[in-house]
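For reference, the structure is listed below as C-alpha cells.
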Amino acid sequence: MKFTQQWLADHIEIDLAPQTIGEKLTMAGLELDGLTDLGAGLEKVEVGTLLEVTPHPDADRLTCCQVQVGAETLSIVCGATNHKQHDKVAVARIGAKLPNGLKIKKGKIRGQLSEGMLCSVAELGLAAEADGILILPPESPSGTAVADLVGRKGVVFELDLTPNRGDCLGVRGIARELGALTHTELKPLTPSVAQTDDTLAQIVVEDGQGCPRYSGRIIRGVTIGPSPAWLRQRLESVGLRSINNVVDITNFILLDLNHPLHAFDLDQLSLPIVVRRAKEGERLTTLDEVERTLTTEMTLIADQSRPLALAGIMGGVESGVTERTTDIFLEAAYFNPIRTARTGRQLAIQSDSRHRYERGVDPMGLALAMDYATQLILQTAGGKAGPVNMVDSGTWQPAAAISFRHERVNQLGGIQLSQAQMEEMLSRLGCQKTAQGTFQPPSHRHDLIREEDLLEEVVRLYGYDRVPSSLPRIAVDLPPLNPEASLARKATRLMTGLGYFETINYAFVSQGVQDQFDPGVQTTALLNPISEDQAIMRSTLIGGLMESARRNLSRGNRILKLFEVGRVFRPGENHSLLEEERIAALLSGELVSKNWHEPERLVDFFDLKGVLVALVAGLADEPLRFEEGGPSFLHPGRKALVFLGRNQTAIGWIGALHPTIQESLDSAQPLFLFELESRYLQEAMGRKSAKKGQQTLSRFPSVDRDFAFLVADSVAAQPFLDCIFSVDRQLIRQVTLFDVYTGEHVKDSEKSLALKVTLQADDRTLTEAETQQLTEQIILRVKEQFGAVQR
C-alpha cells in the first residue's frame, strides 16, 4: 500500500516526521516497507523562462536558448522542437542528478555553450516516455522549484500489510489507525451532492450470497477529458497512470477510501443491471482484453443482453468509459470475499479491486464512496447526478458483539491498565460499548471476532515495545527418551564420529529392489504410490543405501561411508504390519590414497567389521560373535551373521556385495555392508545401563598365554574361540586370534590358528599352578571338540 504524506494530511492533521510516522505504524503491526523522497533528483530543477530561441549555427536539429532562471540568464542548447520564446520550462541546473541517473555538466555542444538542460517529463521521472520537453503553465514563477509545481513534494510511504488488515488498504484507514495511535481525530469527510436528475438506476440482485449489498447511480452529461493536475499528480505519485477524469476518480476512491468503484458507459447498457451467477461456459472479455470462460460459481454483473463485469475483480472491455461517453452508471458494492478470491484464483486475475474485496471492504461504506466519487465527478467532468439506488439482499449482518474482560487482558498481555483506559482505546478504534458491556466492532474491521482480538488491539495501541519482558517461571522436567529414540541418537553420534555420512531415504522402494535385497519377505504394496519406483514398503534399509551409492558413484564420488537409522516394514500375524528400527552402513573406496611413503589400499571386509565392532561397543558391553551365513546378495565367501552376547538369534549380518550386483553398478571397487536389528541392541543397552556402577576392575595382574593349534581347514574361528571361553568364563577374560597360517610345514587340509588368552581373577593373583592347569584344560578341550593339535 503506497500513499504520500500530503495525501495522509487530507485526512488527519498530525505534526510528525515521516520516519516517526513509519515507526509508529510499524510498531502497531503495519510494517513500513519503504520511504521514498518524491523530490529525489529534482533538487536542482527550477522553472525557467525562454527569453530567446534561435537555431544552432552548426546543427539543424538543435536550438540555442537564453533562459531566465530566477535572477540568472543561462545559455542552454536543446534538441527538442516543441518550445518557443516566452515558454515556461523545467531547467536542470549544472550539478543536478536527474531521476533517470543523468548528471548535468557545463559543456559545449557543437561549439555552443550549454549551462544546463531543458527537461522532458521522462527525464524528470514523471512518465515513461515523452515527445518533447515539459512546457509548464504560463503563470509558473521563474526560479520556483519544479518539484512543487508537479506535486513531487514530500515522501511516499509503502506499507507491507498482513491479509487481516484490509481496512488499511485506503489512506483514510491508515489515517484512522494513526489517529488511534496518537489520540488524534480524523478530519470530517462529508461530501455534498446536488441531485439534479431524477433517473433512478434500475438494479436487480439475484445472487445475494455473492453480492450482499449493491448500489448504483446514473450521472448524465459528463465530459470525459484529462484529469486536473492535483488528481493526476496524486495518482502518479503512487505509481498509477492517469487515464481520464472519471476513471481516475474511481481509482482515487479505491486508494483513498479502500472502496473499489466501477463506471459503466450508460449508452452501452440495457437496464436493469442484474447481479447474478454466471452461466456455465459464459464468456466475457475483460479490460485486459482477455476472453474469460466463466462458471456458475462466479458472480457476474450483467444487463438484459450480455455480461458486463466480473464482480469485484474487473470490468468488461465493451462497457467501459471512453472519450465518447456522456452518461455513466456508477457502481459501488460489497461482494463476498471468498467468492471473489475463488473467482480470481480460478481465472488467474490479479487486480486492485480483487485485492481489496477478498480481504473485505466496509459494507457500510458504500454511501460515502458513492457520494465522494459523485462530488468529484461533478467537479471535474460536470453532469447531473441522479439518486442512489441501494439494494441490500440481507445476507450480510454486522459482526456479533464481543465480550471483554479487562483483567484477562492484563493477565495475558503482561500489562497493567484500568478498564476505563482499555475502553477508551477500543473506542478510538471505532468499537462501541453496548448496554450489556460487550463491544460492537466497526464494520470495516472484519478481523475483530473474539475477545482475543480485542486483547491484541489494546496491546497494539499500548505499544508492543512497552510490554515488559519477563521469562515465565515454570519447572520443566523433560521426559526421558524412549529406548528406540535413545538408540537412534547414540548410534547416529557414533557413526558420524567414525566419519560416516547419514542418509535419509524414502521408506518405499520398487518391487525390483525389494526382490533383489529381501526376496523372501511378503511385501506390502501402496494403494496409491507416487511412482513405480516407490510402490513397495521396504523391509530392509539396503535398497536405499545402494541407491545412494549408485548416485554417488555415477557422479565420481568413489569414497563412500554411508549409514542410515530407519524403519522397515515386515509382515506380522493376521495380515498386520510390523515396524522395526534398523541400523545399516555401506563402505567402499580407498582407505589409503596413493602417496610417496605407502601404497594405495582399498577398504576390505575387516575395515567395516571394525566399524561394526566399534558401534556395538559404544552401545553395549557384550561381546560380538561372527558365524558363517548371510543374505544371498552378498559375496558367498565374504559374509557372516552377527550375534551379540549369549543370544542365539543373529542380530544382523555383514559382508561384501555379490560381484554380479557390483557389476550392475558399474563399480570396479567392492562394496561392503552391514545391517543390524535395533531391538537387540536396545535390550543390550538396557542391560548395560542397569549394570552402571556395579562393574569393578580387578586390582590383580593378568597373565597372557600364547597358543598355536593345527586344525582342519574347515574349522571356523568363532566356534574355536567360544570353546576356549567355555573352559572358565570367570578367569578367561579375553581370547584374541592374531594369526591364521597356511603353507610350508602345514598340510593342505589344515591351518594354524595363533591365539592369545588373557587370564585374570578378581580376588587374587593367579598362581603358576592355576595358570598351568587352565592351559592344560584349554589344550584338552579344543582337542576333544575340534581335534586340535598344539604346535
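To be explicit about the labels: the chains of the C-alpha cells are called A, B, and onward in the order shown, and within each one the residues are counted from 1, while ligands get numbers from 1 in the order they are shown.
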Closest atom pairs, residues of segment 643-721 of chain A within 6 Å of segment 748-752 of chain A, only C-alpha atoms, as a Markdown table:
| residue | atom | partner | partner_atom | distance |
| --- | --- | --- | --- | --- |
| A:Phe709 | CA | A:Ser752 | CA | 5.5 |
| A:Leu710 | CA | A:Ser752 | CA | 4.6 |
| A:Val711 | CA | A:Glu750 | CA | 5.5 |
| A:Ala712 | CA | A:Glu750 | CA | 4.4 |
| A:Asp713 | CA | A:Glu750 | CA | 4.5 |
Item to check | 9 Å contact set for Leu426 of chain A, only C-alpha atoms, chain neighbours under 6 positions out, as a PyMOL selection string | outcome: chain A and resi 180+432-433+439+441+454+457-458
Print the selection's residues with N, CA and C atoms to a file, as an mmCIF file, in the first residue's frame.
data_model
loop_
_atom_site.group_PDB
_atom_site.id
_atom_site.type_symbol
_atom_site.label_atom_id
_atom_site.label_comp_id
_atom_site.auth_asym_id
_atom_site.auth_seq_id
_atom_site.Cartn_x
_atom_site.Cartn_y
_atom_site.Cartn_z
ATOM 1 N N ALA A 180 -5.771 6.685 16.039
ATOM 2 C CA ALA A 180 -5.950 5.880 17.247
ATOM 3 C C ALA A 180 -4.649 5.767 18.027
ATOM 4 N N GLN A 432 -17.895 0.128 19.694
ATOM 5 C CA GLN A 432 -18.917 0.770 20.509
ATOM 6 C C GLN A 432 -19.339 -0.163 21.635
ATOM 7 N N LYS A 433 -19.374 0.382 22.859
ATOM 8 C CA LYS A 433 -19.780 -0.408 24.013
ATOM 9 C C LYS A 433 -21.291 -0.497 24.063
ATOM 10 N N PHE A 439 -18.684 -5.261 23.305
ATOM 11 C CA PHE A 439 -18.206 -4.251 22.345
ATOM 12 C C PHE A 439 -18.568 -4.672 20.934
ATOM 13 N N PRO A 441 -17.712 -4.344 17.176
ATOM 14 C CA PRO A 441 -16.613 -3.882 16.314
ATOM 15 C C PRO A 441 -17.160 -3.087 15.137
ATOM 16 N N LEU A 454 -9.736 -8.323 20.575
ATOM 17 C CA LEU A 454 -9.756 -7.041 21.284
ATOM 18 C C LEU A 454 -8.545 -6.914 22.202
ATOM 19 N N GLU A 457 -5.731 -5.738 20.153
ATOM 20 C CA GLU A 457 -5.853 -4.331 19.802
ATOM 21 C C GLU A 457 -5.413 -3.439 20.950
ATOM 22 N N VAL A 458 -5.792 -3.793 22.164
ATOM 23 C CA VAL A 458 -5.382 -2.994 23.332
ATOM 24 C C VAL A 458 -3.865 -2.999 23.469
#
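Neighbouring residues of Val205 of chain A at 10 Å or closer, counting only C-alpha atoms and skipping chain neighbours under 5 positions away, are Gly210, Cys211, Pro212, Arg213, Tyr214, Ile273, Val274, Val275, Arg276, Arg277, Ile301, Val391, Asp392 and Ser393 of chain A.
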Checklist entry - Where in segment 392-455 of chain A does DSSP assign strand (DSSP E), given as JSON, numbers by chain? => result {"A": [392, 432, 433, 439, 440]}
Item to check | Residue with smallest distance to Leu235 of chain A - pool A:Met298, A:Val204, A:Leu25, A:Val150, counting only C-alpha atoms | outcome: A:Val150
Checklist entry - Quick one: of A:Pro141, A:Gly430, A:Pro442, A:Gly413, who's nearest to Arg460 of chain A, counting only C-alpha atoms? => result A:Gly413
Proximity check segment 430-505 of chain A to segment 323-339 of chain A, 12 Å, nearest pairs one decimal Å, only C-alpha atoms, as a Markdown table:
| residue | atom | partner | partner_atom | distance |
| --- | --- | --- | --- | --- |
| A:Ser443 | CA | A:Tyr334 | CA | 11.8 |
| A:His444 | CA | A:Tyr334 | CA | 11.5 |
| A:His446 | CA | A:Pro337 | CA | 10.7 |
Those residues you just picked out, can you put them in a file as an mmCIF file, in the first residue's frame with N, CA and C atoms?
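Once everything was written out, this is selection_32.cif:
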data_model
loop_
_atom_site.group_PDB
_atom_site.id
_atom_site.type_symbol
_atom_site.label_atom_id
_atom_site.label_comp_id
_atom_site.auth_asym_id
_atom_site.auth_seq_id
_atom_site.Cartn_x
_atom_site.Cartn_y
_atom_site.Cartn_z
ATOM 1 N N SER A 443 -17.736 -1.841 11.256
ATOM 2 C CA SER A 443 -17.992 -2.665 10.074
ATOM 3 C C SER A 443 -16.769 -2.828 9.182
ATOM 4 N N HIS A 444 -15.783 -1.919 9.309
ATOM 5 C CA HIS A 444 -14.593 -2.039 8.451
ATOM 6 C C HIS A 444 -13.545 -2.989 9.024
ATOM 7 N N HIS A 446 -13.071 -6.543 9.774
ATOM 8 C CA HIS A 446 -13.543 -7.924 9.670
ATOM 9 C C HIS A 446 -12.715 -8.884 10.525
#
Item to check | Shortest interatomic distance to Gly386 of chain A - which of A:Leu578, A:Ala194, A:Val69, A:Leu562, counting only C-alpha atoms | outcome: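 Using only C-alpha atoms, the shortest distance to Gly386 of chain A belongs to A:Ala194.
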Item to check | Polymer residues at most 8 Å from segment 610-618 of chain A, only C-alpha atoms, same-chain spacing of 5 or more positions, as a VMD selection string | outcome: chain A and resid 491 494 to 495 498 624 674 681
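The shell of residues at most 10 Å from segment 284-296 of chain A, with only C-alpha atoms counted and near chain neighbours (fewer than 5 positions) removed, consists of Arg276, Arg277, Ala278, Lys279, Arg306, Pro307, Leu308, Ala309, Leu310, Ile313, Met314, Gly315, Gly316, Val317, Glu318, Ser319, Gly320, Thr343, Gln346, Leu347 and Ile349 of chain A.
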Could the residues in this selection be saved with C-alpha atoms as a CSV table (one decimal), in the first residue's frame?
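And here's part.csv as it stands now:
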chain,number,residue,atom,x,y,z
A,276,ARG,CA,-26.3,-12.9,-10.9
A,277,ARG,CA,-24.3,-16.0,-11.1
A,278,ALA,CA,-22.6,-16.6,-14.4
A,279,LYS,CA,-23.9,-19.3,-16.7
A,306,ARG,CA,-24.8,-9.6,-22.0
A,307,PRO,CA,-22.3,-9.9,-19.2
A,308,LEU,CA,-20.6,-6.6,-18.2
A,309,ALA,CA,-18.1,-7.2,-15.5
A,310,LEU,CA,-16.7,-9.8,-13.1
A,313,ILE,CA,-12.4,-8.2,-10.0
A,314,MET,CA,-12.5,-6.5,-13.4
A,315,GLY,CA,-14.9,-4.7,-15.8
A,316,GLY,CA,-15.6,-5.7,-19.3
A,317,VAL,CA,-13.9,-4.1,-22.3
A,318,GLU,CA,-17.2,-3.3,-24.1
A,319,SER,CA,-18.9,-1.3,-21.4
A,320,GLY,CA,-16.1,0.8,-20.1
A,343,THR,CA,-13.0,-16.5,-8.9
A,346,GLN,CA,-9.6,-19.7,-11.0
A,347,LEU,CA,-9.2,-17.1,-13.7
A,349,ILE,CA,-6.6,-12.4,-12.5
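The shortest atom-to-atom distance to Leu102 of chain A, with only C-alpha atoms taken into account, belongs to A:Leu42 out of A:Val568, A:Ala525, A:Leu42, A:Ile474.
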Item to check | Near-Glu768 of chain A list (12 Å; only C-alpha atoms; drop same-chain fewer than 3 positions) as a PyMOL selection string | outcome: chain A and resi 702-705+759+765+771-775
Any idea what's packed within 12 Å of Gln436 of chain A, counting only C-alpha atoms, ignoring anything in its chain fewer than 6 positions away? Could you give it as a compact mmCIF listing (two decimals) with N, CA, C and O atoms, in the first residue's frame?
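Heads up, here's the output in selection04.txt:
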# COMPACT_ATOMS: atom_id res chain seq x y z
N ALA A 401 -21.51 -8.77 18.86
CA ALA A 401 -20.79 -8.05 19.92
C ALA A 401 -19.86 -9.01 20.66
O ALA A 401 -20.16 -10.20 20.81
N ILE A 402 -18.74 -8.49 21.13
CA ILE A 402 -17.69 -9.32 21.73
C ILE A 402 -17.60 -9.01 23.23
O ILE A 402 -17.51 -7.84 23.64
N SER A 403 -17.62 -10.06 24.03
CA SER A 403 -17.43 -9.87 25.47
C SER A 403 -15.98 -9.50 25.73
O SER A 403 -15.07 -9.89 24.98
N PHE A 404 -15.76 -8.78 26.84
CA PHE A 404 -14.41 -8.25 27.09
C PHE A 404 -14.16 -8.18 28.60
O PHE A 404 -14.96 -7.59 29.33
Item to check | Pick from A:Phe157, A:Phe643, A:Phe626, A:Phe725, whichever lies nearest to Gln777 of chain A using only C-alpha atoms | outcome: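 Among A:Phe157, A:Phe643, A:Phe626, A:Phe725, it is A:Phe725 that comes nearest to Gln777 of chain A.
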